[in-house]
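Novice: Have a peek at target.cif (mmCIF, C-alpha atoms).
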```
data_target
loop_
_atom_site.label_atom_id
_atom_site.label_comp_id
_atom_site.auth_asym_id
_atom_site.auth_seq_id
_atom_site.Cartn_x
_atom_site.Cartn_y
_atom_site.Cartn_z
CA MET R 1 26.16 -116.51 -1.29
CA LYS R 2 27.61 -119.76 -0.03
CA MET R 3 30.70 -119.33 -2.14
CA GLU R 4 31.20 -115.79 -0.79
CA MET R 5 30.85 -116.97 2.82
CA GLU R 6 33.39 -119.77 2.33
CA THR R 7 35.96 -117.59 0.62
CA GLY R 8 35.46 -114.61 2.92
CA PRO R 9 35.29 -110.96 1.94
CA PHE R 10 39.09 -110.58 1.60
CA GLU R 11 39.92 -113.86 -0.17
CA PRO R 12 39.85 -114.20 -3.96
CA SER R 13 37.12 -116.49 -5.26
CA ALA R 14 37.59 -119.13 -7.89
CA GLN R 15 35.84 -116.98 -10.51
CA SER R 16 38.04 -113.88 -9.84
CA PRO R 17 41.77 -114.66 -10.28
CA LEU R 18 44.30 -112.78 -8.11
CA HIS R 19 45.71 -109.70 -9.91
CA ARG R 20 49.32 -109.16 -8.95
CA PRO R 21 50.62 -105.58 -9.22
CA LYS R 22 53.12 -105.03 -11.97
CA PRO R 23 56.65 -104.18 -10.83
CA PRO R 24 57.62 -100.54 -11.40
CA SER R 25 59.33 -99.83 -14.67
CA LYS R 26 63.09 -99.31 -14.56
CA LEU R 27 63.03 -97.08 -17.62
CA LYS R 28 63.41 -93.95 -15.46
CA GLN R 29 66.52 -95.35 -13.78
CA TYR R 30 68.04 -96.33 -17.11
CA MET R 31 67.28 -92.93 -18.62
CA THR R 32 68.81 -91.14 -15.61
CA MET R 33 71.95 -93.25 -15.79
CA ALA R 34 72.26 -92.70 -19.52
CA PHE R 35 71.84 -88.94 -19.04
CA LEU R 36 74.54 -88.83 -16.35
CA LEU R 37 76.93 -90.83 -18.50
CA LEU R 38 76.25 -88.54 -21.44
CA LEU R 39 76.83 -85.50 -19.23
CA VAL R 40 80.17 -86.86 -17.96
CA TRP R 41 81.27 -87.80 -21.49
CA GLY R 42 80.32 -84.38 -22.85
CA SER R 43 82.15 -82.62 -20.01
CA ALA R 44 85.26 -84.72 -20.65
CA GLN R 45 85.14 -83.85 -24.34
CA GLN R 46 84.79 -80.13 -23.69
CA THR R 47 87.62 -80.06 -21.14
CA ASP R 48 89.94 -82.32 -23.17
CA ALA R 49 90.12 -84.76 -20.27
CA SER R 50 91.70 -88.03 -21.28
CA PHE R 51 92.19 -91.13 -19.17
CA MET R 52 95.03 -92.21 -21.44
CA GLU R 53 96.94 -89.02 -20.69
CA LEU R 54 96.63 -89.83 -16.99
CA VAL R 55 98.01 -93.32 -17.60
CA GLU R 56 100.87 -91.93 -19.70
CA GLY R 57 101.69 -89.42 -16.95
CA LEU R 58 101.96 -92.05 -14.19
CA PRO R 59 105.75 -92.45 -14.67
CA ASN R 60 106.18 -88.71 -14.12
CA MET R 61 104.10 -88.95 -10.95
CA LEU R 62 106.28 -91.79 -9.70
CA ASP R 63 109.40 -89.74 -10.42
CA LEU R 64 107.93 -86.86 -8.40
CA LEU R 65 107.15 -89.17 -5.47
CA ARG R 66 110.72 -90.50 -5.57
CA GLU R 67 112.03 -86.95 -5.34
CA MET R 68 109.70 -86.17 -2.41
CA PHE R 69 110.82 -89.12 -0.30
CA PRO R 70 112.43 -89.25 2.12
CA PRO R 71 111.16 -85.90 3.41
CA LYS R 72 113.65 -83.43 4.83
CA TRP R 73 112.81 -83.71 8.52
CA SER R 74 115.20 -80.94 9.52
CA TYR R 75 113.03 -78.47 7.61
CA LEU R 76 110.49 -78.64 10.45
CA ASP R 77 112.33 -75.88 12.32
CA ASN R 78 111.76 -73.52 9.38
CA ILE R 79 108.02 -74.09 9.04
CA LEU R 80 106.97 -74.41 12.69
CA GLU R 81 106.44 -70.68 13.17
CA ALA R 82 104.61 -70.44 9.83
CA MET R 83 102.22 -73.22 10.88
CA LEU R 84 101.52 -71.43 14.17
CA GLU R 85 100.79 -68.29 12.16
CA THR R 86 98.38 -70.27 9.98
CA ILE R 87 96.51 -71.54 13.04
CA ARG R 88 96.37 -68.02 14.50
CA MET R 89 94.99 -66.69 11.21
CA ALA R 90 92.28 -69.35 11.22
CA LEU R 91 91.43 -68.70 14.87
CA ILE R 92 91.13 -64.91 14.51
CA GLY R 93 89.29 -65.13 11.19
CA THR R 94 86.79 -67.66 12.55
CA THR R 95 86.17 -65.60 15.69
CA LEU R 96 85.54 -62.37 13.78
CA GLY R 97 83.30 -64.16 11.30
CA ALA R 98 81.31 -65.84 14.09
CA VAL R 99 80.74 -62.54 15.89
CA LEU R 100 79.55 -60.83 12.70
CA ALA R 101 77.40 -63.84 11.77
CA VAL R 102 75.12 -63.42 14.80
CA PRO R 103 73.30 -60.22 13.71
CA VAL R 104 73.33 -61.30 10.06
CA ALA R 105 71.68 -64.63 10.92
CA LEU R 106 69.01 -62.86 12.97
CA LEU R 107 68.24 -60.53 10.05
CA CYS R 108 67.94 -63.52 7.69
CA ALA R 109 65.59 -65.63 9.83
CA ASP R 110 61.91 -65.25 8.94
CA ASN R 111 60.73 -66.00 12.47
CA MET R 112 62.98 -63.32 13.96
CA VAL R 113 62.55 -60.43 11.52
CA LYS R 114 59.19 -60.74 9.79
CA ASN R 115 59.93 -58.23 7.07
CA ARG R 116 60.84 -59.52 3.63
CA TRP R 117 62.27 -56.16 2.62
CA ILE R 118 65.00 -56.85 5.20
CA THR R 119 65.47 -60.61 5.09
CA TYR R 120 65.66 -61.04 1.31
CA PRO R 121 68.33 -58.35 0.63
CA VAL R 122 70.45 -59.60 3.54
CA ARG R 123 70.15 -63.18 2.27
CA PHE R 124 71.17 -62.03 -1.20
CA LEU R 125 74.30 -60.35 0.19
CA LEU R 126 75.05 -63.44 2.25
CA ASN R 127 74.79 -65.67 -0.82
CA LEU R 128 77.03 -63.25 -2.69
CA LEU R 129 79.70 -63.54 0.00
CA ARG R 130 79.53 -67.35 -0.03
CA ALA R 131 79.89 -67.39 -3.81
CA ILE R 132 83.36 -65.81 -3.69
CA PRO R 133 86.18 -68.38 -3.17
CA ASP R 134 88.51 -67.80 -0.24
CA LEU R 135 91.57 -67.60 -2.51
CA LEU R 136 89.94 -64.83 -4.51
CA LEU R 137 89.04 -63.03 -1.30
CA ALA R 138 92.63 -63.31 -0.13
CA ALA R 139 93.93 -61.97 -3.44
CA LEU R 140 91.57 -58.99 -3.20
CA PHE R 141 92.60 -58.21 0.37
CA VAL R 142 96.29 -58.57 -0.54
CA ALA R 143 95.76 -55.89 -3.17
CA ILE R 144 94.12 -53.69 -0.50
CA ALA R 145 96.20 -54.35 2.63
CA GLY R 146 99.45 -55.67 1.18
CA LEU R 147 101.33 -58.90 1.88
CA GLY R 148 101.19 -60.67 5.23
CA PRO R 149 98.71 -62.48 7.47
CA LEU R 150 96.26 -59.55 7.74
CA PRO R 151 94.69 -60.13 4.26
CA GLY R 152 94.36 -63.82 5.12
CA ILE R 153 92.53 -62.96 8.34
CA PHE R 154 90.14 -60.66 6.47
CA ALA R 155 89.49 -63.32 3.83
CA LEU R 156 88.80 -66.02 6.42
CA SER R 157 86.54 -63.63 8.36
CA VAL R 158 84.37 -63.01 5.31
CA PHE R 159 84.29 -66.71 4.47
CA SER R 160 83.38 -67.61 8.07
CA LEU R 161 80.68 -64.96 8.13
CA GLY R 162 78.98 -66.43 5.07
CA LEU R 163 79.14 -70.03 6.25
CA ILE R 164 78.22 -69.58 9.94
CA ALA R 165 75.43 -67.09 9.23
CA LYS R 166 73.89 -69.42 6.65
CA LEU R 167 73.86 -72.43 8.98
CA THR R 168 72.74 -70.39 11.98
CA TYR R 169 69.74 -68.72 10.36
CA GLU R 170 68.56 -72.09 9.08
CA ALA R 171 68.83 -73.41 12.65
CA LEU R 172 66.91 -70.36 13.91
CA GLU R 173 64.07 -71.03 11.48
CA ALA R 174 63.83 -74.63 12.73
CA ILE R 175 63.51 -73.84 16.46
CA ASP R 176 60.43 -74.70 18.50
CA PRO R 177 57.99 -71.76 18.14
CA GLY R 178 56.18 -72.62 21.40
CA PRO R 179 58.46 -70.66 23.77
CA LEU R 180 58.42 -67.66 21.43
CA GLU R 181 54.63 -67.67 21.25
CA ALA R 182 54.33 -67.97 25.05
CA MET R 183 56.75 -65.08 25.57
CA THR R 184 54.93 -62.97 22.98
CA ALA R 185 51.64 -63.61 24.77
CA ALA R 186 53.29 -62.50 28.02
CA GLY R 187 54.33 -59.21 26.41
CA ALA R 188 58.00 -59.89 25.61
CA ASN R 189 59.67 -57.63 23.05
CA LEU R 190 61.98 -58.73 20.21
CA PRO R 191 65.30 -58.53 22.14
CA GLN R 192 63.79 -60.62 24.93
CA LEU R 193 62.49 -63.16 22.40
CA ILE R 194 65.98 -63.46 20.93
CA VAL R 195 67.91 -63.65 24.21
CA TYR R 196 65.57 -65.91 26.19
CA GLY R 197 63.65 -67.77 23.48
CA ALA R 198 65.91 -68.27 20.46
CA VAL R 199 69.48 -68.20 21.76
CA PRO R 200 69.10 -71.13 24.22
CA GLN R 201 67.77 -73.32 21.41
CA VAL R 202 70.57 -72.60 18.89
CA ARG R 203 73.51 -71.97 21.23
CA ALA R 204 74.93 -75.49 20.92
CA HIS R 205 74.40 -75.54 17.16
CA PHE R 206 76.14 -72.18 16.78
CA ALA R 207 79.16 -73.40 18.73
CA SER R 208 79.27 -76.55 16.60
CA TYR R 209 79.10 -74.53 13.38
CA THR R 210 81.91 -72.28 14.60
CA LEU R 211 84.17 -75.23 15.39
CA TYR R 212 83.39 -76.80 12.02
CA THR R 213 84.26 -73.54 10.27
CA PHE R 214 87.52 -73.36 12.20
CA GLU R 215 88.45 -76.79 10.84
CA ILE R 216 87.81 -75.59 7.29
CA ASN R 217 89.72 -72.36 7.86
CA VAL R 218 92.83 -74.19 9.04
CA ARG R 219 92.91 -76.03 5.73
CA ALA R 220 92.15 -72.87 3.77
CA ALA R 221 94.75 -70.79 5.64
CA ALA R 222 97.40 -73.37 4.74
CA VAL R 223 97.20 -72.38 1.07
CA LEU R 224 96.37 -68.67 1.31
CA GLY R 225 100.08 -67.95 1.31
CA LEU R 226 100.14 -68.88 -2.37
CA VAL R 227 98.61 -65.46 -3.08
CA GLY R 228 100.73 -63.66 -0.47
CA ALA R 229 98.34 -63.86 2.49
CA GLY R 230 100.86 -65.27 4.96
CA GLY R 231 101.00 -68.60 6.72
CA ILE R 232 102.62 -71.82 5.68
CA GLY R 233 101.32 -71.49 2.12
CA HIS R 234 104.26 -69.18 1.37
CA TYR R 235 106.63 -72.10 1.95
CA TYR R 236 104.64 -74.25 -0.47
CA GLU R 237 105.25 -71.66 -3.15
CA VAL R 238 108.95 -71.28 -2.34
CA THR R 239 109.80 -74.99 -2.18
CA LEU R 240 107.81 -75.85 -5.30
CA GLY R 241 109.35 -72.95 -7.18
CA PHE R 242 112.89 -74.18 -6.40
CA PHE R 243 111.93 -77.85 -7.05
CA GLU R 244 112.78 -78.78 -3.44
CA TYR R 245 110.22 -81.54 -3.29
CA ASP R 246 111.66 -83.16 -0.17
CA LYS R 247 110.91 -79.94 1.74
CA THR R 248 107.45 -79.78 0.16
CA CYS R 249 106.78 -83.31 1.39
CA MET R 250 107.76 -82.27 4.91
CA ILE R 251 105.30 -79.35 4.73
CA ILE R 252 102.52 -81.65 3.49
CA ILE R 253 103.10 -84.22 6.25
CA PHE R 254 103.25 -81.56 8.97
CA THR R 255 100.09 -79.86 7.66
CA LEU R 256 98.28 -83.21 7.50
CA ILE R 257 99.18 -84.04 11.12
CA VAL R 258 98.03 -80.62 12.37
CA VAL R 259 94.76 -80.75 10.43
CA LEU R 260 93.96 -84.27 11.61
CA LEU R 261 94.68 -83.30 15.21
CA ILE R 262 92.46 -80.22 15.00
CA ASP R 263 89.69 -82.24 13.33
CA TYR R 264 89.82 -84.83 16.11
CA LEU R 265 89.71 -82.28 18.91
CA SER R 266 86.95 -80.32 17.20
CA ALA R 267 84.86 -83.45 16.66
CA LYS R 268 85.16 -84.34 20.36
CA LEU R 269 84.09 -80.83 21.38
CA ARG R 270 81.13 -80.89 19.01
CA GLU R 271 80.02 -84.25 20.41
CA LYS R 272 79.96 -82.78 23.93
CA LEU R 273 78.08 -79.69 22.77
CA LEU R 274 75.39 -81.63 20.94
#
```
As structure tokens, what does this structure read like?

Specialist:
Amino acid sequence: MKMEMETGPFEPSAQSPLHRPKPPSKLKQYMTMAFLLLLVWGSAQQTDASFMELVEGLPNMLDLLREMFPPKWSYLDNILEAMLETIRMALIGTTLGAVLAVPVALLCADNMVKNRWITYPVRFLLNLLRAIPDLLLAALFVAIAGLGPLPGIFALSVFSLGLIAKLTYEALEAIDPGPLEAMTAAGANLPQLIVYGAVPQVRAHFASYTLYTFEINVRAAAVLGLVGAGGIGHYYEVTLGFFEYDKTCMIIIFTLIVVLLIDYLSAKLREKLL
């Protein structure tokens, strides 16, 4: 008793040595790392990827860079209108996709439409749309509507629909249910719940998602011309086909400046919205 009182209830006594917990085993980390390395090695073997081939090709890359510089600055007059067309394609495609994404997102959200026979099929179609690359969409619409910016607009609209609707319905499912429950108790119907309960909570997020999609679409629209969907991508194909790498470099620099400027402005707008 005396020994217990001196040592206290939480202090180890002389007869009971302190048992330190064993550190966690690192076997799981080592096994995970070994599995990832094996996966990368197996993928490299199956795709015939070789680091030595990359090293051997470096002189060719340097030759290409020498042919690209200095860029042909006078070529800017030829591509200015095409770049404006690319931005217009991205703007129209994003707008159409955002408008169509609103009803689709509402049909996908469990807390808006509580019917799995509606939400699950719509989600499946939405996932199907997002699984199709934008270049493939553009090629399909070129086969339907012909050459020009119109197929690019359709392709970007479908891509924007899939992305914005996905992000928006996830934001809808994460809203505060309190206002919806209070409105339901007061006798509000579904349109009133959507307009006055859900929309105010996701409005800023929806605008942010739309701006983010516009950024992506500007980049995507810059290469849709490779499949005949208009925009500045057509000039990529022409200059590369005629080995005019100095003009290609001018297109790349101009596209980079435009994309960085749009990204900066979009980021500032999203900061104000959120």

Novice: Kindly assemble as a tab-separated table a list of the range 44-118 of chain R residues that lie within 12 Å of range 145-154 of chain R, each paired with its nearest atom pair and their distance in Å to one decimal, using only C-alpha atoms, sorted first by chain and then by ascending residue number.

Specialist:
```
residue	atom	partner	partner_atom	distance
R:Ala82	CA	R:Pro149	CA	10.2
R:Met83	CA	R:Pro149	CA	11.8
R:Leu84	CA	R:Pro149	CA	11.5
R:Glu85	CA	R:Pro149	CA	7.8
R:Thr86	CA	R:Pro149	CA	8.2
R:Ile87	CA	R:Ile153	CA	10.6
R:Arg88	CA	R:Ile153	CA	8.8
R:Met89	CA	R:Ile153	CA	5.3
R:Ala90	CA	R:Ile153	CA	7.0
R:Leu91	CA	R:Ile153	CA	8.8
R:Ile92	CA	R:Ile153	CA	6.6
R:Gly93	CA	R:Ile153	CA	4.8
R:Thr94	CA	R:Ile153	CA	8.5
R:Thr95	CA	R:Ile153	CA	10.1
R:Leu96	CA	R:Phe154	CA	8.8
R:Gly97	CA	R:Phe154	CA	9.1
```

Novice: Quick one: which residues end up in the PyMOL selection byres ((chain R and resi 204) around 12) for this structure, as a PyMOL selection string?

Specialist: chain R and resi 168+171-172+198-203+205-211+269-274

Novice: Report as a PDB file with C-alpha atoms, keeping the file's coordinate frame all protein, DNA and RNA residues lying within 12 Å of range 183-191 of chain R, evaluated on only C-alpha atoms, omitting residues in the same chain fewer than 6 positions from it.

Specialist:
```
ATOM      1  CA  PRO R 103      73.300 -60.220  13.710  1.00  0.00           C
ATOM      2  CA  LEU R 106      69.010 -62.860  12.970  1.00  0.00           C
ATOM      3  CA  ASN R 111      60.730 -66.000  12.470  1.00  0.00           C
ATOM      4  CA  MET R 112      62.980 -63.320  13.960  1.00  0.00           C
ATOM      5  CA  VAL R 113      62.550 -60.430  11.520  1.00  0.00           C
ATOM      6  CA  LYS R 114      59.190 -60.740   9.790  1.00  0.00           C
ATOM      7  CA  PRO R 177      57.990 -71.760  18.140  1.00  0.00           C
ATOM      8  CA  GLY R 197      63.650 -67.770  23.480  1.00  0.00           C
ATOM      9  CA  ALA R 198      65.910 -68.270  20.460  1.00  0.00           C
ATOM     10  CA  VAL R 199      69.480 -68.200  21.760  1.00  0.00           C
TER      11      VAL R 199
END
```

Novice: What is the CA of Ala101 in chain R to CA of Tyr120 in chain R distance in Å?

Specialist: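 Calculated distance between CA of Ala101 in chain R and CA of Tyr120 in chain R is 16.0 Å.
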
Novice: Scan for residues within 9 Å of the point (83.4, -65.6, 3.6) in the coordinates of the file, using all atoms listed in the file, and reply as a ChimeraX atom specification.

Specialist: /R:97,126,129-134,137,154-163

Novice: Calculated over all atoms listed in the file, which of the candidates R:Ala267, R:Leu80, R:Met52, R:Phe141 has the smallest distance to Thr255 in chain R?

Specialist: R:Leu80

Novice: What is the distance between CA of Ile216 in chain R and CA of Ile253 in chain R, in Å to one decimal?

Specialist: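 Calculated distance between CA of Ile216 in chain R and CA of Ile253 in chain R is 17.6 Å.
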
Novice: Could you please determine the separation between CA of Val259 in chain R and CA of Val218 in chain R in Å, to one decimal place?

Specialist: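 Going from CA of Val259 in chain R over to CA of Val218 in chain R covers 7.0 Å.
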
Novice: Which residues match the PyMOL selection byres ((chain R and resi 225) around 9) in the file above, as an mmCIF file with C-alpha atoms, in the frame of the given file?

Specialist:
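File written: selection-v3.cif
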```cif
data_model
loop_
_atom_site.group_PDB
_atom_site.id
_atom_site.type_symbol
_atom_site.label_atom_id
_atom_site.label_comp_id
_atom_site.auth_asym_id
_atom_site.auth_seq_id
_atom_site.Cartn_x
_atom_site.Cartn_y
_atom_site.Cartn_z
ATOM 1 C CA ALA R 138 92.630 -63.310 -0.130
ATOM 2 C CA GLY R 148 101.190 -60.670 5.230
ATOM 3 C CA PRO R 149 98.710 -62.480 7.470
ATOM 4 C CA GLY R 152 94.360 -63.820 5.120
ATOM 5 C CA ALA R 221 94.750 -70.790 5.640
ATOM 6 C CA ALA R 222 97.400 -73.370 4.740
ATOM 7 C CA VAL R 223 97.200 -72.380 1.070
ATOM 8 C CA LEU R 224 96.370 -68.670 1.310
ATOM 9 C CA LEU R 226 100.140 -68.880 -2.370
ATOM 10 C CA VAL R 227 98.610 -65.460 -3.080
ATOM 11 C CA GLY R 228 100.730 -63.660 -0.470
ATOM 12 C CA ALA R 229 98.340 -63.860 2.490
ATOM 13 C CA GLY R 230 100.860 -65.270 4.960
ATOM 14 C CA GLY R 231 101.000 -68.600 6.720
ATOM 15 C CA ILE R 232 102.620 -71.820 5.680
ATOM 16 C CA GLY R 233 101.320 -71.490 2.120
ATOM 17 C CA HIS R 234 104.260 -69.180 1.370
ATOM 18 C CA TYR R 235 106.630 -72.100 1.950
ATOM 19 C CA TYR R 236 104.640 -74.250 -0.470
ATOM 20 C CA GLU R 237 105.250 -71.660 -3.150
#
```

Novice: Restricting the calculation to all atoms listed in the file: of R:Met33, R:Arg123, R:Ile252, R:Leu58, which residue gets closest to Glu170 in chain R?

Specialist: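 Distance minimum relative to Glu170 in chain R lands on R:Arg123.
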
Novice: Build an axis-aligned box that encloses every atom of range 240-252 of chain R listed in the file, pad it by 4 Å on each side, and report its centre and edge lengths in Å to one decimal, as lines of an AutoDock Vina configuration file.

Specialist:
```
center_x = 107.7
center_y = -78.1
center_z = -1.1
size_x = 18.4
size_y = 18.4
size_z = 20.1
```

Novice: Go through R:Tyr75, R:Trp41, R:Tyr30, R:Phe124 one by one, measure the shortest atom-to-atom distance of each to Lys247 in chain R using all atoms listed in the file, and give the residue with the smallest value.

Specialist: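 Counting all atoms listed in the file, the residue closest to Lys247 in chain R is R:Tyr75.
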
Novice: Tell me which protein, DNA and RNA residues are within 7 Å of range 65-69 of chain R, counting all atoms listed in the file, leaving out same-chain ones fewer than 2 positions away, and put them as a list in words.

Specialist: Met61, Leu62, Asp63, Pro71, Tyr245, Asp246 and Cys249 of chain R

Novice: Have a look at R:Ala174, R:Ala165, R:Ala34, R:Leu260 and name the one nearest to Thr213 in chain R; count only C-alpha atoms.

Specialist: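 Nearest candidate to Thr213 in chain R out of R:Ala174, R:Ala165, R:Ala34, R:Leu260: R:Ala165.
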
Novice: Taking only C-alpha atoms into account, which of R:Leu136, R:Ile79, R:Ile164, R:Val55 comes nearest Phe214 in chain R?

Specialist: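 Looking only at the distances to Phe214 in chain R, the closest residue turns out to be R:Ile164.
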